[in-house]
Amino acid sequence: MRYNSKDGAILASAELRAREPISVLRHDTHFREHSIRYSLRRLSQRGVITQIPVINLQRIGITIVNVFFSVGAQKPNTQEALVRAFSDADQIVWIGEFGGEYQYGIALCSRRIGESLDFISELSKRFTNVFFEKAISYQYSVWLFPHKYLATKPVGPKHLRVGYTKDTVAIDEVDDRILRALASNGDISFRQLAQKIGMPASSVDMRLRRLQERKVIEGYVHAVNPAALGVQAFKLLVYAKGMNHELSAALMRYCEHHSRIVYFIECLGTWDYEIGVEVERAEDITGIIQGLYERFGSSINSVKLLSKFRDLKIRYYFGADVGREA
């Protein structure tokens with residue numbers, strides 16, 4: 001889909017605050033409310049954006065383990081069976097297919113480290129040589145940035161963060177049902193959500209407000225599908241020479257201001273950071289990597305490049321009913 005400057009400005013304003021009143025977006029963009037509604041509806045209908053809740057799983061005691069791996073020599077049907085096994089597993093919230101150092105990446109959720117190890121060990125028994133090459137890191141925090149390259153000037157929030165928090169909160173079965181339903185349909189209304197889970201709308205509204213106040217729901221965003229915009233997505237795995245908050249803060253600020261960087265993830269494990277990049281031409285990624293070395297060369301050991309082919313599974317909540325395939 002081709003987008004114009006108006007679409008870009010409206011999306012830049014609305015991307016990290018998908019449920020903000022249209023009047024606020026009108027104030028930022030200076031477009032009429034009907035133009036904003038039409039643009040967002042058109043982008044949604046054409047598969048460019050999908051409204052999703054941003055749920056901080058770590059806030060409710062869930063750790064996210066990212067595993068990137070390549071498979072050994074396998075028959076095609078064996079590889080397909082492996083992907084199905086990942087897709088059917090509730091604890092897997094994301095599967096990505098890549099070109100480069102690794103063929104696949106998964107995000108594995110668990111409340112205890114042992115659960116992750118048990119899951120990976122069981123799969124290794126079922127599928128020999130699955131994790132032929134593997135690397136594992138634990139997510140510490142995720143910073144989402146608006147797609148700055150779509151707009152001529154910055155408008156709206158600069159970032160949205162989820163991740164590690166010292167204090168966790170407990171949720172009950174009703175909260176869990178609400179989060180599952182919300183994650184399956186991010187733009188569902190309070191009334192529709194209440195009907196889906198069989199509760200009064202006022203009770204659902206109260207529950208949602210409480211989940212937001214407790215920072216379980218950090219907000220709502222318009223997730224952008226880069227393929228629908230005709231751009232290519234890459235993931236950079238950054239290996240640092242040391243571990244310190246100063247480097248993390250400096251890298252985050254650098255990514256926040258870079259027009260082609262759309263997320264920044266702090267990790268603990270084989271690699272230290274993940275950086276999401278979107279470009280029109282694959283050759284442009286070389287300059288971005290070079291820029292990282294020039295700015296942080298004394299602190300970075302290496303940067304591995306993964307070319308993202310597609311997402312095979314995305315779930316926005318642990319055990320949510322419905323994922324999104326792209």
# chains A, B, ... in the order shown; residues from 1 in each chain; ligands from 1
$ residues_around --residues "Arg126 in chain A" --least-positions-apart "4" --cutoff "12 Å" --atoms "only C-alpha atoms" --output "VMD selection string"
chain A and resid 78 to 79 81 to 82 85 119 to 122 130 to 131
$ write_last_selection --atoms "C-alpha atoms" --output "mmCIF file, in the first residue's frame"
data_model
loop_
_atom_site.group_PDB
_atom_site.id
_atom_site.type_symbol
_atom_site.label_atom_id
_atom_site.label_comp_id
_atom_site.auth_asym_id
_atom_site.auth_seq_id
_atom_site.Cartn_x
_atom_site.Cartn_y
_atom_site.Cartn_z
ATOM 1 C CA THR A 78 9.586 -32.715 10.157
ATOM 2 C CA GLN A 79 10.312 -28.999 10.085
ATOM 3 C CA ALA A 81 5.750 -30.496 12.524
ATOM 4 C CA LEU A 82 8.204 -28.521 14.658
ATOM 5 C CA ALA A 85 4.391 -27.845 17.906
ATOM 6 C CA PHE A 119 9.953 -27.233 27.401
ATOM 7 C CA ILE A 120 13.110 -26.965 25.292
ATOM 8 C CA SER A 121 14.385 -30.350 26.529
ATOM 9 C CA GLU A 122 11.104 -32.061 25.643
ATOM 10 C CA VAL A 130 16.347 -29.053 16.165
ATOM 11 C CA PHE A 131 18.521 -26.608 18.034
#
$ select_by_dssp --residues "range 90-186 of chain A" --states "alpha helix (DSSP H)" --output "list in words"
Ile113, Gly114, Glu115, Ser116, Leu117, Asp118, Phe119, Ile120, Ser121, Glu122, Leu123, Ser124, Lys125, Arg126, Glu173, Val174, Asp175, Asp176, Arg177, Ile178, Leu179, Arg180, Ala181, Leu182, Ala183 and Ser184 of chain A
$ select_by_dssp --residues "range 40-257 of chain A" --states "strand (DSSP E or B)" --output "MDAnalysis selection string"
chainID A and resid 49:55 63:70 92:100 104:110 133:144 160:163 217:224 232:240
$ write_last_selection --atoms "C-alpha atoms" --output "PDB file, in the first residue's frame"
ATOM      1  CA  ILE A  49      -2.195  -1.493  11.200  1.00  0.00           C
ATOM      2  CA  THR A  50      -3.791  -3.691  13.855  1.00  0.00           C
ATOM      3  CA  GLN A  51      -4.845  -2.305  17.216  1.00  0.00           C
ATOM      4  CA  ILE A  52      -3.390  -4.335  20.087  1.00  0.00           C
ATOM      5  CA  PRO A  53      -3.115  -4.001  23.870  1.00  0.00           C
ATOM      6  CA  VAL A  54       0.372  -3.683  25.342  1.00  0.00           C
ATOM      7  CA  ILE A  55       0.352  -6.115  28.270  1.00  0.00           C
ATOM      8  CA  THR A  63       9.529 -14.093  32.238  1.00  0.00           C
ATOM      9  CA  ILE A  64      10.024 -13.969  28.472  1.00  0.00           C
ATOM     10  CA  VAL A  65      12.862 -16.067  27.055  1.00  0.00           C
ATOM     11  CA  ASN A  66      13.938 -15.413  23.477  1.00  0.00           C
ATOM     12  CA  VAL A  67      15.451 -18.401  21.694  1.00  0.00           C
ATOM     13  CA  PHE A  68      16.961 -18.089  18.211  1.00  0.00           C
ATOM     14  CA  PHE A  69      17.991 -21.290  16.483  1.00  0.00           C
ATOM     15  CA  SER A  70      18.670 -23.115  13.240  1.00  0.00           C
ATOM     16  CA  ILE A  92       4.988 -19.641  23.012  1.00  0.00           C
ATOM     17  CA  VAL A  93       3.715 -16.138  22.224  1.00  0.00           C
ATOM     18  CA  TRP A  94       5.806 -15.434  19.128  1.00  0.00           C
ATOM     19  CA  ILE A  95       7.462 -17.358  16.303  1.00  0.00           C
ATOM     20  CA  GLY A  96       9.494 -15.575  13.647  1.00  0.00           C
ATOM     21  CA  GLU A  97      11.138 -16.919  10.499  1.00  0.00           C
ATOM     22  CA  PHE A  98      14.449 -15.336   9.514  1.00  0.00           C
ATOM     23  CA  GLY A  99      17.320 -15.395   7.092  1.00  0.00           C
ATOM     24  CA  GLY A 100      20.869 -14.999   8.342  1.00  0.00           C
ATOM     25  CA  TYR A 104      13.758 -19.152  13.636  1.00  0.00           C
ATOM     26  CA  GLY A 105      13.125 -17.151  16.766  1.00  0.00           C
ATOM     27  CA  ILE A 106      10.602 -17.849  19.514  1.00  0.00           C
ATOM     28  CA  ALA A 107       9.439 -16.003  22.628  1.00  0.00           C
ATOM     29  CA  LEU A 108       8.824 -18.507  25.427  1.00  0.00           C
ATOM     30  CA  CYS A 109       6.892 -17.463  28.547  1.00  0.00           C
ATOM     31  CA  SER A 110       7.345 -19.059  31.935  1.00  0.00           C
ATOM     32  CA  GLU A 133      22.632 -23.567  16.363  1.00  0.00           C
ATOM     33  CA  LYS A 134      20.986 -21.757  19.258  1.00  0.00           C
ATOM     34  CA  ALA A 135      21.235 -18.611  21.329  1.00  0.00           C
ATOM     35  CA  ILE A 136      19.125 -17.709  24.356  1.00  0.00           C
ATOM     36  CA  SER A 137      18.445 -14.416  26.112  1.00  0.00           C
ATOM     37  CA  TYR A 138      15.969 -13.215  28.718  1.00  0.00           C
ATOM     38  CA  GLN A 139      14.047 -10.040  27.988  1.00  0.00           C
ATOM     39  CA  TYR A 140      14.630  -7.252  30.487  1.00  0.00           C
ATOM     40  CA  SER A 141      12.708  -4.406  28.882  1.00  0.00           C
ATOM     41  CA  VAL A 142      11.151  -3.481  25.531  1.00  0.00           C
ATOM     42  CA  TRP A 143      10.949   0.046  24.145  1.00  0.00           C
ATOM     43  CA  LEU A 144       8.502   0.633  21.285  1.00  0.00           C
ATOM     44  CA  LEU A 160       6.291   3.146  25.203  1.00  0.00           C
ATOM     45  CA  ARG A 161       8.112   0.786  27.582  1.00  0.00           C
ATOM     46  CA  VAL A 162       7.242  -2.569  29.115  1.00  0.00           C
ATOM     47  CA  GLY A 163       9.482  -4.923  31.042  1.00  0.00           C
ATOM     48  CA  ILE A 217      -1.965  -2.946  30.628  1.00  0.00           C
ATOM     49  CA  GLU A 218       0.506  -0.228  29.633  1.00  0.00           C
ATOM     50  CA  GLY A 219      -1.618   1.069  26.781  1.00  0.00           C
ATOM     51  CA  TYR A 220      -2.877   0.318  23.291  1.00  0.00           C
ATOM     52  CA  VAL A 221      -0.936   0.713  20.061  1.00  0.00           C
ATOM     53  CA  HIS A 222      -1.420   0.352  16.327  1.00  0.00           C
ATOM     54  CA  ALA A 223       0.957  -2.475  15.391  1.00  0.00           C
ATOM     55  CA  VAL A 224       2.339  -1.725  11.917  1.00  0.00           C
ATOM     56  CA  GLN A 232      11.821  -4.829   4.795  1.00  0.00           C
ATOM     57  CA  ALA A 233      12.189  -5.680   8.480  1.00  0.00           C
ATOM     58  CA  PHE A 234      15.469  -6.663  10.138  1.00  0.00           C
ATOM     59  CA  LYS A 235      16.493  -7.593  13.648  1.00  0.00           C
ATOM     60  CA  LEU A 236      19.949  -6.709  14.932  1.00  0.00           C
ATOM     61  CA  LEU A 237      21.411  -8.780  17.772  1.00  0.00           C
ATOM     62  CA  VAL A 238      23.940  -6.596  19.569  1.00  0.00           C
ATOM     63  CA  TYR A 239      26.720  -8.139  21.647  1.00  0.00           C
ATOM     64  CA  ALA A 240      28.199  -5.638  24.101  1.00  0.00           C
TER      65      ALA A 240
END
$ atom_distance --atom1 "CA of Asp311 in chain A" --atom2 "CA of Ile261 in chain A"
18.2 Å
$ residues_around --residues "Gly61 in chain A" --least-positions-apart "3" --cutoff "8 Å" --atoms "only C-alpha atoms" --output "PyMOL selection string"
chain A and resi 57-58+111+168-169
$ write_last_selection --atoms "N, CA and C atoms" --output "CSV table (one decimal), in the first residue's frame"
chain,number,residue,atom,x,y,z
A,57,LEU,N,3.8,-8.5,30.7
A,57,LEU,CA,3.8,-9.9,31.3
A,57,LEU,C,4.7,-10.0,32.5
A,58,GLN,N,5.7,-9.2,32.5
A,58,GLN,CA,6.6,-9.3,33.6
A,58,GLN,C,6.0,-8.7,34.9
A,111,ARG,N,6.9,-18.9,34.3
A,111,ARG,CA,7.0,-18.2,35.6
A,111,ARG,C,8.2,-18.7,36.4
A,168,THR,N,5.7,-7.2,41.5
A,168,THR,CA,4.7,-7.8,40.6
A,168,THR,C,3.3,-7.8,41.3
A,169,VAL,N,2.3,-8.0,40.5
A,169,VAL,CA,1.0,-8.0,41.1
A,169,VAL,C,0.3,-9.3,40.7
$ closest_residue --among "A:His258, A:Arg207, A:His30, A:Arg214" --to "Gly291 in chain A" --atoms "only C-alpha atoms"
A:His258
